[in-house]
Structures are given as structure tokens and as C-alpha cells.
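Below is my_file30.txt, holding compact mmCIF, C-alpha atoms.
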# COMPACT_ATOMS: atom_id res chain seq x y z
CA MET A 1 0.00 0.00 0.00
CA ARG A 2 1.08 3.58 -0.59
CA VAL A 3 1.06 5.14 2.86
CA LEU A 4 1.36 8.83 3.65
CA VAL A 5 3.44 9.47 6.77
CA THR A 6 3.68 12.77 8.62
CA GLY A 7 6.55 13.42 11.00
CA ALA A 8 9.11 11.47 8.98
CA SER A 9 11.82 13.90 10.07
CA GLY A 10 11.03 13.11 13.70
CA PHE A 11 11.56 10.26 16.11
CA VAL A 12 8.40 8.18 15.70
CA GLY A 13 7.78 9.09 12.07
CA SER A 14 11.25 8.18 10.82
CA HIS A 15 11.20 4.79 12.54
CA THR A 16 7.69 4.25 11.18
CA VAL A 17 8.91 4.84 7.64
CA ALA A 18 11.55 2.15 8.18
CA ALA A 19 8.95 -0.24 9.62
CA LEU A 20 6.56 0.37 6.72
CA LEU A 21 9.31 -0.40 4.20
CA ALA A 22 10.17 -3.59 6.08
CA ALA A 23 6.49 -4.58 5.89
CA GLY A 24 6.43 -4.11 2.11
CA HIS A 25 4.57 -0.79 1.96
CA ARG A 26 5.48 2.26 -0.12
CA PRO A 27 5.87 5.27 2.19
CA ARG A 28 5.24 8.81 1.03
CA ALA A 29 6.43 11.40 3.54
CA LEU A 30 5.07 14.93 3.89
CA VAL A 31 8.09 16.94 5.10
CA ARG A 32 8.98 20.59 5.40
CA ASP A 33 12.65 19.98 4.51
CA PRO A 34 13.32 16.98 2.23
CA GLY A 35 17.07 17.31 2.73
CA ARG A 36 16.72 17.11 6.48
CA ALA A 37 14.30 14.19 6.21
CA ALA A 38 16.77 12.33 3.98
CA GLU A 39 19.50 12.77 6.62
CA VAL A 40 17.25 11.50 9.40
CA LEU A 41 16.19 8.46 7.38
CA ALA A 42 19.78 7.73 6.33
CA ALA A 43 20.69 7.37 10.03
CA LEU A 44 18.22 4.46 10.08
CA ASP A 45 19.78 2.97 6.92
CA VAL A 46 16.75 4.04 4.85
CA PRO A 47 17.89 5.32 1.43
CA ALA A 48 16.01 8.45 0.41
CA ASP A 49 15.24 6.96 -3.00
CA ARG A 50 13.03 4.35 -1.32
CA VAL A 51 10.78 7.02 0.15
CA GLU A 52 8.78 9.60 -1.76
CA LEU A 53 9.55 12.89 0.01
CA VAL A 54 6.84 15.48 -0.65
CA PRO A 55 7.59 19.07 0.44
CA GLY A 56 4.81 20.62 2.51
CA ASP A 57 3.46 21.42 5.94
CA MET A 58 0.66 19.64 7.75
CA LEU A 59 -0.76 23.04 8.71
CA ASP A 60 -1.19 23.85 5.01
CA ALA A 61 -4.40 22.12 3.91
CA ALA A 62 -3.50 22.38 0.22
CA SER A 63 -0.13 20.65 0.58
CA VAL A 64 -1.70 17.95 2.75
CA ALA A 65 -4.40 17.36 0.14
CA ALA A 66 -1.80 17.03 -2.61
CA ALA A 67 0.23 14.58 -0.53
CA LEU A 68 -2.84 12.44 0.22
CA ASP A 69 -3.81 12.11 -3.45
CA GLY A 70 -2.97 8.62 -4.70
CA CYS A 71 -2.39 7.14 -1.23
CA ASP A 72 -4.19 4.10 0.17
CA ALA A 73 -3.58 4.75 3.87
CA ALA A 74 -2.04 7.32 6.19
CA VAL A 75 -0.09 7.44 9.45
CA HIS A 76 -0.25 10.79 11.25
CA ALA A 77 2.76 10.79 13.55
CA ALA A 78 3.67 14.48 13.50
CA ALA A 79 2.99 16.50 16.64
CA ALA A 80 4.44 19.22 18.81
CA VAL A 81 5.31 17.54 22.09
CA GLY A 82 6.14 20.49 24.30
CA VAL A 83 6.65 18.36 27.42
CA ALA A 84 10.39 18.72 27.95
CA GLY A 85 11.14 21.82 25.95
CA PRO A 86 10.11 25.45 25.42
CA PRO A 87 6.40 26.27 24.93
CA SER A 88 5.03 26.43 21.40
CA ASP A 89 1.69 26.86 19.70
CA LEU A 90 0.57 23.36 20.55
CA VAL A 91 -3.11 23.87 19.74
CA GLU A 92 -2.43 25.01 16.18
CA THR A 93 -0.04 22.19 15.44
CA ASN A 94 -1.80 19.33 17.18
CA VAL A 95 -5.40 20.21 16.40
CA ALA A 96 -5.23 21.94 13.02
CA GLY A 97 -2.65 19.44 11.78
CA THR A 98 -4.85 16.53 12.85
CA ARG A 99 -7.86 18.03 11.10
CA ASN A 100 -5.90 18.47 7.88
CA VAL A 101 -4.23 15.05 7.85
CA VAL A 102 -6.68 12.70 9.56
CA GLY A 103 -9.79 14.53 8.38
CA GLY A 104 -8.43 14.87 4.87
CA ALA A 105 -7.52 11.19 4.69
CA VAL A 106 -10.97 10.14 5.89
CA ALA A 107 -12.64 12.45 3.37
CA ARG A 108 -10.67 10.77 0.57
CA GLY A 109 -11.65 7.29 1.70
CA LEU A 110 -8.22 6.10 2.84
CA ASP A 111 -8.31 2.91 4.90
CA PRO A 112 -6.89 2.77 7.45
CA VAL A 113 -5.93 6.15 8.85
CA VAL A 114 -3.59 5.60 11.81
CA TYR A 115 -3.44 8.41 14.33
CA VAL A 116 -0.62 8.57 16.87
CA SER A 117 -2.15 10.04 20.01
CA THR A 118 -0.57 9.84 23.47
CA VAL A 119 -1.21 8.41 26.91
CA ALA A 120 -1.29 12.08 27.96
CA VAL A 121 -4.97 12.30 27.01
CA PHE A 122 -5.68 10.11 30.07
CA VAL A 123 -3.34 11.96 32.47
CA PRO A 124 -3.97 12.67 35.29
CA PRO A 125 -5.69 9.26 35.37
CA PRO A 126 -8.76 8.47 37.48
CA GLY A 127 -7.63 4.99 38.54
CA PRO A 128 -4.63 2.68 39.02
CA VAL A 129 -4.49 1.48 35.38
CA ILE A 130 -5.01 3.37 32.12
CA THR A 131 -7.07 1.63 29.43
CA ALA A 132 -7.93 2.63 25.89
CA ASP A 133 -11.61 2.96 26.80
CA GLY A 134 -10.97 5.04 29.92
CA PRO A 135 -12.30 8.58 30.32
CA LEU A 136 -10.39 11.43 28.79
CA ALA A 137 -8.67 13.66 31.31
CA ALA A 138 -8.97 17.41 31.75
CA PRO A 139 -5.26 18.21 31.82
CA ARG A 140 -3.91 21.57 32.89
CA THR A 141 -0.86 21.37 30.66
CA GLY A 142 -0.79 22.93 27.20
CA TYR A 143 0.35 19.71 25.56
CA GLY A 144 -2.32 17.66 27.28
CA ARG A 145 -5.10 20.10 26.38
CA SER A 146 -4.06 20.25 22.73
CA LYS A 147 -3.94 16.45 22.41
CA VAL A 148 -7.29 16.03 24.14
CA ALA A 149 -8.82 18.50 21.69
CA ALA A 150 -7.33 16.58 18.76
CA GLU A 151 -8.48 13.31 20.35
CA ARG A 152 -12.07 14.53 20.59
CA TYR A 153 -12.01 15.45 16.91
CA VAL A 154 -10.68 12.02 15.92
CA ARG A 155 -13.28 10.29 18.10
CA GLU A 156 -16.04 12.16 16.29
CA LEU A 157 -14.73 10.64 13.05
CA GLN A 158 -14.53 7.18 14.62
CA ASP A 159 -18.05 7.47 16.05
CA ALA A 160 -19.25 8.16 12.52
CA GLY A 161 -17.62 4.91 11.38
CA ALA A 162 -14.40 6.28 9.85
CA PRO A 163 -11.63 3.64 9.70
CA VAL A 164 -9.31 5.51 12.04
CA THR A 165 -6.98 3.52 14.31
CA THR A 166 -5.73 5.47 17.31
CA VAL A 167 -2.59 4.37 19.15
CA TYR A 168 -1.74 5.77 22.59
CA PRO A 169 2.03 5.50 23.21
CA GLY A 170 3.74 6.18 26.52
CA GLY A 171 7.31 7.42 27.00
CA VAL A 172 8.96 6.72 23.66
CA CYS A 173 12.60 5.77 24.03
CA GLY A 174 15.42 4.35 21.92
CA PRO A 175 18.18 5.28 19.51
CA HIS A 176 18.25 7.98 16.83
CA GLN A 177 16.04 10.79 18.06
CA PRO A 178 16.60 13.69 15.64
CA ARG A 179 15.78 16.33 18.27
CA LEU A 180 15.90 15.51 21.96
CA ASP A 181 12.54 15.77 23.66
CA SER A 182 10.38 14.14 26.32
CA LEU A 183 11.80 10.99 27.90
CA MET A 184 15.04 11.03 25.92
CA ALA A 185 15.79 14.62 26.93
CA GLY A 186 14.87 13.71 30.49
CA LEU A 187 17.32 10.81 30.55
CA ALA A 188 20.14 12.98 29.22
CA GLY A 189 19.43 15.68 31.79
CA ALA A 190 18.96 13.30 34.71
CA LEU A 191 22.16 11.33 34.06
CA GLY A 192 24.24 14.31 32.97
CA LEU A 193 23.20 16.69 35.75
CA LEU A 194 20.81 15.58 38.48
CA TRP A 195 18.05 12.98 38.75
CA PRO A 196 15.07 14.22 40.76
CA VAL A 197 13.24 11.17 42.13
CA PRO A 198 9.55 11.93 42.81
CA PRO A 199 6.63 9.58 43.37
CA GLY A 200 5.11 8.09 40.24
CA GLY A 201 6.84 6.59 37.25
CA VAL A 202 7.03 6.31 33.48
CA SER A 203 5.92 3.85 30.81
CA VAL A 204 8.96 3.08 28.65
CA LEU A 205 8.10 2.20 25.04
CA ASP A 206 10.78 1.35 22.49
CA VAL A 207 10.42 3.55 19.42
CA ARG A 208 11.09 0.50 17.22
CA ASP A 209 8.22 -1.40 18.86
CA LEU A 210 5.90 1.57 18.38
CA ALA A 211 6.91 1.82 14.73
CA ALA A 212 6.26 -1.90 14.25
CA ALA A 213 2.83 -1.51 15.85
CA LEU A 214 1.95 1.40 13.57
CA ALA A 215 3.06 -0.55 10.51
CA ARG A 216 0.99 -3.58 11.58
CA ALA A 217 -2.00 -1.31 12.13
CA VAL A 218 -1.93 -0.46 8.41
CA THR A 219 -4.47 -3.12 7.56
CA PRO A 220 -7.65 -2.13 5.71
CA GLY A 221 -11.19 -3.19 6.51
CA ARG A 222 -10.92 -3.20 10.30
CA GLY A 223 -12.99 -0.07 11.00
CA PRO A 224 -12.35 2.31 13.92
CA ARG A 225 -10.02 0.98 16.63
CA ARG A 226 -8.23 2.33 19.71
CA TRP A 227 -5.05 0.73 21.05
CA MET A 228 -3.27 1.52 24.30
CA LEU A 229 0.49 1.02 23.96
CA GLY A 230 2.12 2.67 26.95
CA GLY A 231 5.01 0.26 27.39
CA HIS A 232 6.75 -1.11 30.48
CA TYR A 233 5.89 0.85 33.62
CA LEU A 234 8.84 1.66 35.89
CA THR A 235 8.90 3.79 39.01
CA TRP A 236 11.53 6.52 38.95
CA PRO A 237 13.79 4.66 41.40
CA GLN A 238 13.49 1.54 39.23
CA LEU A 239 14.49 3.45 36.10
CA ALA A 240 17.38 5.12 37.91
CA ASP A 241 18.55 1.73 39.20
CA LEU A 242 18.39 0.31 35.68
CA CYS A 243 20.49 3.17 34.31
CA ASP A 244 23.03 2.73 37.12
CA ASP A 245 23.29 -0.97 36.36
CA LEU A 246 23.70 -0.41 32.62
CA THR A 247 26.31 2.34 32.87
CA GLY A 248 28.12 1.22 36.01
CA VAL A 249 27.90 4.83 37.21
CA ARG A 250 25.55 5.85 40.01
CA CYS A 251 23.45 8.81 38.97
CA ARG A 252 23.13 11.78 41.31
CA ARG A 253 19.66 11.42 42.83
CA LEU A 254 17.52 13.88 44.74
CA PRO A 255 14.29 12.61 46.34
CA VAL A 256 11.58 15.21 45.64
CA PRO A 257 7.97 15.25 46.92
CA ALA A 258 5.29 15.55 44.25
CA ALA A 259 4.31 19.12 45.19
CA ALA A 260 7.93 20.24 45.11
CA MET A 261 8.41 18.60 41.70
CA LEU A 262 5.47 20.51 40.27
CA GLY A 263 6.74 23.73 41.81
CA LEU A 264 10.22 23.19 40.40
CA GLY A 265 8.80 22.65 36.92
CA SER A 266 6.76 25.85 37.17
CA ALA A 267 9.79 27.80 38.41
CA LEU A 268 11.93 26.62 35.49
CA ASP A 269 9.16 27.57 33.07
CA ALA A 270 9.19 31.09 34.55
CA VAL A 271 12.96 31.35 34.12
CA ARG A 272 12.64 30.22 30.50
CA ARG A 273 10.55 33.28 29.73
CA VAL A 274 13.64 35.35 30.50
CA ARG A 275 16.53 33.17 29.35
CA PRO A 276 17.24 29.64 28.12
CA VAL A 277 17.49 26.82 30.66
CA GLY A 278 19.62 23.77 29.93
CA TYR A 279 17.75 21.41 32.24
CA PRO A 280 14.73 19.81 30.47
CA LEU A 281 12.18 19.86 33.31
CA THR A 282 8.90 21.72 32.71
CA ARG A 283 5.60 21.93 34.57
CA ASP A 284 4.09 19.63 31.93
CA ALA A 285 6.82 17.03 32.37
CA ALA A 286 6.58 17.22 36.16
CA GLU A 287 2.87 16.43 36.10
CA PHE A 288 3.45 13.34 33.96
CA MET A 289 6.23 12.22 36.27
CA VAL A 290 4.16 12.28 39.44
CA THR A 291 0.72 11.15 38.18
CA LEU A 292 1.31 8.48 35.52
CA VAL A 293 0.20 4.90 36.32
CA PRO A 294 0.59 1.62 34.37
CA THR A 295 -1.27 1.06 31.10
CA ASP A 296 -3.18 -2.00 29.91
CA ASP A 297 -1.45 -2.84 26.61
CA ARG A 298 -2.57 -6.46 26.34
CA PRO A 299 -5.49 -5.91 23.89
CA ALA A 300 -3.22 -4.06 21.45
CA LEU A 301 -0.34 -6.52 21.77
CA ASP A 302 -2.64 -9.48 21.15
CA ALA A 303 -4.43 -7.85 18.22
CA LEU A 304 -1.21 -6.75 16.54
CA GLY A 305 0.77 -9.90 17.36
CA LEU A 306 3.47 -7.82 19.00
CA ALA A 307 5.85 -8.48 21.89
CA LEU A 308 7.62 -5.50 23.43
CA ARG A 309 11.37 -5.46 23.92
CA PRO A 310 12.43 -5.63 27.57
CA PRO A 311 13.10 -2.18 29.03
CA ARG A 312 16.73 -3.11 29.67
CA GLU A 313 17.37 -3.41 25.93
CA THR A 314 15.51 -0.22 25.12
CA VAL A 315 17.23 1.89 27.76
CA ALA A 316 20.67 0.45 26.96
CA ASP A 317 20.30 1.30 23.27
CA ALA A 318 18.95 4.75 24.15
CA LEU A 319 21.80 5.60 26.52
CA ALA A 320 24.45 4.26 24.15
CA TRP A 321 23.05 6.43 21.38
CA LEU A 322 22.83 9.50 23.65
CA ALA A 323 26.51 9.06 24.45
CA ALA A 324 27.55 8.42 20.86
CA ALA A 325 25.59 11.47 19.67
CA GLY A 326 27.24 13.71 22.26
CA HIS A 327 24.13 14.25 24.40
CA LEU A 328 25.56 12.39 27.40
CA PRO A 329 29.12 12.82 28.71
CA ALA A 330 31.24 9.68 28.49
CA ARG A 331 31.90 9.76 32.24
CA ARG A 332 28.17 9.56 32.91
CA ALA A 333 27.55 6.93 30.20
CA GLY A 334 30.17 4.67 31.75
CA ARG A 335 30.18 1.24 30.13
CA LEU A 336 27.88 2.49 27.37
CA ALA A 337 30.18 5.28 26.24
CA PRO A 338 31.62 4.80 22.73
CA GLU A 339 35.06 3.28 22.68
CA ARG A 340 37.81 5.66 21.62
CA SER A 341 40.07 4.40 18.88
CA SER A 342 43.63 3.86 20.05
CA ARG A 343 46.54 5.40 18.20

Rewritten as C-alpha cells:
Amino acid sequence: MRVLVTGASGFVGSHTVAALLAAGHRPRALVRDPGRAAEVLAALDVPADRVELVPGDMLDAASVAAALDGCDAAVHAAAAVGVAGPPSDLVETNVAGTRNVVGGAVARGLDPVVYVSTVAVFVPPPGPVITADGPLAAPRTGYGRSKVAAERYVRELQDAGAPVTTVYPGGVCGPHQPRLDSLMAGLAGALGLLWPVPPGGVSVLDVRDLAAALARAVTPGRGPRRWMLGGHYLTWPQLADLCDDLTGVRCRRLPVPAAAMLGLGSALDAVRRVRPVGYPLTRDAAEFMVTLVPTDDRPALDALGLALRPPRETVADALAWLAAAGHLPARRAGRLAPERSSR
């Protein structure tokens, strides 16, 4: 199938292009900078000549329409995350972009249309486990509000019978992230500087497993579906212990109560309005850190025939890549630091 992919210059989108090719599909990528997209895909050993790179922006309805023409299916993976970085116009990107791509694909009869949402639409959660049929949250964070608004739009399409498959990933992690954000930025900051250890935890999902799931979801005739795919849930001490074990270097930890964590995130956001801050904690990220609970991924894993990598493999590959890419000092990467060639 010819599959339009948005976000091919990003973390999830680029890996999804590779997974679609491996599954025998023909990806077409809507990208703002084809040269940049080619570089990102080359890092995953995907030759640019195997992917049709179409210049355009998902916020431009005309360029989206042109990119959708002739496609059989679509995967909308592009989004502004805004959890571990400076604020941006999240509503415009995440809502208007979803309307253009998902709505445009449905209007043209593409089947399926795969929409990459986020576990954030259920955070803060009402119970001890997050499920795909759970109630949507009323988040206070800009990212959460923008994704809930986009989610409500997609659900309207699904309720009308549109063949849209929604996937809710957790903390995406792994090698080759073109621009550090979210969990990957958090790992680099925590290991390189200081690891605040609050209550709560994180669901670690390998980007390669997410990409495989999205590629397997590209199956026509299944109708509207919603799949939770948070990943392996680890408390913050468990994740810190895992990193210590992998690197052989004990990270510098600071136990922080939940209220203090939220306050610290808000304070750093205030400082960012005046000058840049190197540490990747924000109020949005702090809320995820202290309120997230495990997710029920079993229905999605069974339906897609997928088994997730163990978190040890995912985190090891992520940390090794962070060190090799210069995002993590060798002394903090320890055993995972790249070996220097001897002269």
C-alpha cells in the first residue's frame, strides 16, 4: 500500500517509515525539509530513493491534500510535544494538523488512517491502570489540552464509522532521536546533571516497537479501533537503578515530593521566559512524572501480534546512542560510552 506518513523527520515518524518499508509498503512522507528528512532516514539505513519525500506542511491544507492524493492509507505521527522543551503553539499544530491530515484522509476514503495520540490524554488518570476505553482527562498542561482536543475530533470521526486507528504511546525511548525531547531529553538531563526522584513513574516504550505496531495497524477493513500502547511501567527509582546498572555509574539522585516537583517545573518555566534553561524539566513534564500509572497494553499486543522489547534493551540502546551522539558525557555513560580508537 502507498502510505502517507507525517513526522518522517522526527523520532516516531522516521522509525515508522523504516517499519513500513520492512512490511512491504510504499511510504510517502510529507516533510517541510526533504534534505533534512533524507538525513534522518539515512541514520536508520533508509535510502532516500526508497521514500517519496513530498515538500509541505501539515498546517497547510492544500499541501496535505496534494500529498494524500494517490495514497491508500495514512499514518499521522507528526505532533508538537512540548513536554520537555520550550512552549510552542501546541493547539495550532496538534489540532489543526490533525484536522488536515486525519480529516483529509478520511474524506478521501483512505483505509486505514492511523493516528498517533498519546497516553497524555488520560493523564492525570482516574484509577490505578489506564485503558484505551478510559475517560479522557482534563489536563492543565498545554500539551495535554491540545492532544485532548485533537483526540475529541478524531473520536467524532470514529463514532461516525471512519476507519481511524488510534494508538496511545507512553514514554517513547530508543536510539536515533533527531531532536531531543520528552523521555530522551529527560534521561540525558537526569544522568548528565541531576536525577530528581519523585513519586510516580514512566511507561517506557521502544520507538522500534511503536513503529512496528503502527506498521501492523496499516491493515484495511478493520474499522475504527483504539489501542493503548504505553510500554513497560517503571517507578523513577526503578528506572534510575536500571540506568546505574547499565552504565556502572551511580546517577546523582535527589528525592523530591510531588508538590515540590510541580513547583520546580513551574519555576523553570518562569525562568525560560527570560533566558534559556539547559535542564529539560517543565511543569508539563513534572505532572506526567508524578501522576502516571501503568497502562493495559494487552489488547493491542494481542491484536497486533506484537511483543515488546524488555526495558533493559531499550534503555541500553537509548543511553548508548545519547553518548555516541554527544548528548551524554562519556563519564556519565560509563560502560555504554563509545570506545575511543587507540593510536

message: Restricting the calculation to all atoms listed in the file: of A:His176, A:Arg331, A:Arg50, A:His25, which residue gets closest to Gly192 of chain A?
response: A:Arg331

- request: Could you tell me how far atom CA of Phe11 of chain A lies from atom CA of Tyr279 of chain A, in Å and to one decimal?
  value: 20.6 Å

query: From the set A:Leu306, A:Val277, A:Ala22, A:Val204, which residue has the shortest atom-to-atom contact distance to Pro294 of chain A, counting all atoms listed in the file?
result: A:Val204

message: Report as a list in words all protein, DNA and RNA residues lying within 6 Å of segment 297-302 of chain A, evaluated on all atoms listed in the file, omitting residues in the same chain fewer than 3 positions from it.
response: Trp227, Met228, Leu229, Gly305 and Leu306 of chain A

Report as a Markdown table the residues of segment 59-168 of chain A within 12 Å of segment 233-238 of chain A, each with its shortest atom pair and distance in Å (one decimal), using all atoms listed in the file, ordered by chain and increasing residue number.
| residue | atom | partner | partner_atom | distance |
| --- | --- | --- | --- | --- |
| A:Pro128 | CA | A:Tyr233 | CA | 12.0 |
| A:Val129 | CA | A:Tyr233 | CA | 10.5 |
| A:Ile130 | CA | A:Tyr233 | CA | 11.3 |

Written file, previous selection with C-alpha atoms, as a compact mmCIF listing (two decimals), in the frame of the given file:
# COMPACT_ATOMS: atom_id res chain seq x y z
CA PRO A 128 -4.63 2.68 39.02
CA VAL A 129 -4.49 1.48 35.38
CA ILE A 130 -5.01 3.37 32.12

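Minimum atom-to-atom distances from A:Asp45, A:Glu156, A:Glu151, A:Asp33 to Val95 of chain A were compared using all atoms listed in the file, and the lowest value belongs to A:Glu151.
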
- prompt: By how many Å are atom CA of Ser117 of chain A and atom CA of Gly7 of chain A apart?
  reply: 13.0 Å

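The coordinates place atom CA of Thr131 of chain A at 16.4 Å from atom CA of Pro224 of chain A.
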
task: Extract, using all atoms listed in the file, all DNA, RNA and protein residues at most 10 Å from Leu183 of chain A, discarding same-chain residues fewer than 4 positions from it, and format them as a count of residues only.
output: 16

Neighbours of point (22.1, 2.3, 37.0) within 12 Å, using all atoms listed in the file, written as JSON, numbers by chain: {"A": [187, 190, 191, 195, 236, 237, 238, 239, 240, 241, 242, 243, 244, 245, 246, 247, 248, 249, 250, 251, 252, 253, 312, 315, 316, 319, 332, 333, 334, 335, 336]}

Sorted by chain and rising residue number, list the residues of segment 213-278 of chain A at most 10 Å from segment 105-116 of chain A (counting all atoms listed in the file), each with its closest atom pair and distance in Å to one decimal, as CSV.
residue,atom,partner,partner_atom,distance
A:Leu214,CA,A:Val114,CA,7.2
A:Ala215,CA,A:Val114,CA,9.2
A:Ala217,CA,A:Val114,CA,7.1
A:Val218,CA,A:Pro112,CA,6.0
A:Thr219,CA,A:Pro112,CA,6.4
A:Pro220,CA,A:Asp111,CA,5.1
A:Gly221,CA,A:Asp111,CA,6.9
A:Arg222,CA,A:Pro112,CA,7.7
A:Gly223,CA,A:Pro112,CA,7.6
A:Pro224,CA,A:Pro112,CA,8.5
A:Arg225,CA,A:Val114,CA,9.3
A:Arg226,CA,A:Tyr115,CA,9.4
A:Trp227,CA,A:Val116,CA,9.9

statement: Of A:Ala8, A:Leu268, A:Val17, A:Ala38, the one sitting nearest Ala79 of chain A when using only C-alpha atoms is A:Ala8

Would you compute, for all listed atoms of segment 272-286 of chain A, the axis-aligned bounding box grown by 6 Å on each side, and then report its centre and edge lengths in Å rounded to one decimal, as lines of an AutoDock Vina configuration file?
center_x = 11.9
center_y = 26.2
center_z = 32.1
size_x = 27.5
size_y = 30.3
size_z = 20.0
